[in-house]
Amino acid sequence: MLNKKLKPVDLNNIRIEDRFWKQYMELVRQHVIPYQWDALNDQIPDAEPSYCIQNFRVAAKREEGKFQGMVFQDSDVYKWLEAVAYSLMWHPDEELERTADETIELIAAAQQPDGYLDTYYIINGLEKRFTNLMDHHELYCLGHMTEAAVAYYHATGKDTFLKVAIGYANCAYACLGTESGKIPGYPGHEVAEMALVALYGITKDERHLKLAKYFIDQRGQSPLFFDEECKKNHNSCYWDDSYMKKQYYQAGKPVREQDKAEGHAVRAVYLYSGMAEVASATEDRRLFETCEKLWNNIVNRQMYVTGAIGATQHGEAFTFDYDLPNDTVYAETCAAIGLIFFARRMFEITKDSRYTDVMERALFNGVICGMSLDGKSFFYVNPLEVSPEHCEKDYFRRHVKPVRQKWFGCACCPPNVARLLSSIGGYAFECNESAVYMNLFMGGDMELTLNGKNNVFHIETEYPWDGKVRIAVENQEPSSFAYAVRIPGWCRAYKLTINGEDAVYEMEKGYAVLNREWKNGDQILLEMEMEISMVEANPLVREDIGKVAVMRGPLVYCLEEKDNGDQLQQIYLEDGQEFTEKCEKDLLNGVVTLTTMGKRLSSAEWAADSLYQTYHGRNFVDQELKLIPYYAWANRGIGEMTVWIHVK
């Protein structure tokens, strides 16, 4: 059975009080959401204008003007509204909700009588709508609108936005398909697929599930729609001159024939997330097996140690197996977020920790690195090695920035981070009627009805700095259910007790399942050794030969020029290197740093004017090294950084 075995715990029933994650959630609520609202309204000095809200005002005929910004600019406000919705679930805010309602009213005012809603075509000419599905993102905007509308309905119970999304979804259903009179098209940029399944979960309108399934089934079929669309409407495809061709859109062949992640990385994982949703909703075994093949290809051959994906700037894309350059990498923040979406959906079907292990890796390392610690600047690209001079002077590294940016003309990443972090509790805890699964370790309180009885869970932890997680059960009467605790793949040694005694549990796909009758005051204690490890890459990864990455628990660490000087490529570690841990509460919002004695390649005997000389062996000098968590780099000024370090 491919039906989902679990669903996220309702955010209304969770209060995250975790020192690590609560600061991120509050940062999003207090700073990022207001900051992004200013960005959407073009009110941030020295930042690229968005034009997003202005476009809606023009489309609603509330002011004169032309469309400005990216063709997909509408999606920025939808992702902002989704983040607002999640934030309102755990922190009601009348003023913020009023602003959101007014924004939704503006969006509704721009909607056309048949439900169509895309400001680019409303302003530039409705007769041209659905004539460039390949590149013009109408269905991408539909997807993000739908996700936001579903979230806002769950948060507030208000259905104005939901009705707007339903109207556009029904318009798309009426216009797109293989029936007579319809356009046999599908999204150039995927996201509508998973959004429509979420909409179906509320409406139970078969049209919404059928449209999602159609988008997946029709994709890549012959004759290829994007080729036909180009001929009919005189469009051109930039990617036909590249090795990717239509696989840039994951549309070069039917999805069930695809076994490697190819093309634009964000589009790919958004598609795979939708495929998992449709496979589950329709019991499509072959489609699910395709999802498994694609997952395995990503995590075993195309994923960075940080959980980032997308190796090349050219097309923001996957390239080929084991091609993982560190300094020219793209690793878009949105792509890591999309991988988390894919991971959660695969986990909900399988209850297998191999998906949540990757979810944790990407979250701690590939996602939160995309936002500064003050929430005021962002990375679009997340490199694993940086030399500021190269970023400035090397044309092929110009996309890599040594410092986070205030905003972007293509601003998909900042609101994506905001909506993920605002809803993080739903990724941490999932449940069904008789079990709760702890996927991520976060302190706080959670209320759940399991097997008909109410239970409250109080969770305390200092994770990821400390490996202890304490769960206290509070209930009015004994209650039988399963509490499943993920034992992370990185964890080599742990102890699990209940009320001070060794726990009795079954290991099921990486989860310790504690199934018993729980009484008020019962306490679970998980103690994980936060071992420091030096990780090496498969030898087929050319860029990492002879190098290691340092990890402590779920966190990848890095060297930064601020602590270790420049020319980081000259630094070496040794086999069996020992590290000293130090909790530095006043550094980078509080982190555990690692120090060790390493080696630096000496240039003392090198002739000053020589570029080359006869090899006489290598000379090294001792140097004390300091490593910080990768997610926190570039918060202390501009300088070099590297994750992968030579090993001697």
# chains A, B, ... in the order shown; residues from 1 in each chain; ligands from 1
call {"tool": "residues_around", "arguments": {"residues": "Leu448 of chain A", "least_positions_apart": "4", "cutoff": "9 Å", "atoms": "only C-alpha atoms", "output": "NGL selection string"}}
result
:A and (9 or 13 or 431 or 436 or 453-457)
call {"tool": "select_by_dssp", "arguments": {"residues": "segment 496-532 of chain A", "states": "strand (DSSP E or B)", "output": "ChimeraX atom specification"}}
result
/A:496-498,501-502,506-508,511-518,523-528,532
call {"tool": "residues_around", "arguments": {"residues": "Leu162 of chain A", "least_positions_apart": "6", "cutoff": "8 Å", "atoms": "only C-alpha atoms", "output": "number ranges by chain"}}
result
A: 146, 149-150, 152-153
call {"tool": "select_by_dssp", "arguments": {"residues": "segment 219-434 of chain A", "states": "alpha helix (DSSP H)", "output": "PyMOL selection string"}}
result
chain A and resi 225-233+265-282+285-297+333-350+353-361+388-393+413-422+424-428
call {"tool": "residues_around", "arguments": {"residues": "Ile309 of chain A", "least_positions_apart": "4", "cutoff": "12 Å", "atoms": "only C-alpha atoms", "output": "PyMOL selection string"}}
result
chain A and resi 261-269+295+297-305+313+316-326+329-340+358+361-362+365-367+381-384
call {"tool": "residues_around", "arguments": {"residues": "segment 234-251 of chain A", "least_positions_apart": "3", "cutoff": "9 Å", "atoms": "only C-alpha atoms", "output": "MDAnalysis selection string"}}
result
chainID A and resid 131:132 134:135 187:190 219:221 224:227 229:231 254:255 258 261:265 267:268 271 315 317 319
call {"tool": "residues_around", "arguments": {"residues": "Gly489 of chain A", "least_positions_apart": "2", "cutoff": "7 Å", "atoms": "only C-alpha atoms", "output": "PyMOL selection string"}}
result
chain A and resi 357+487+491
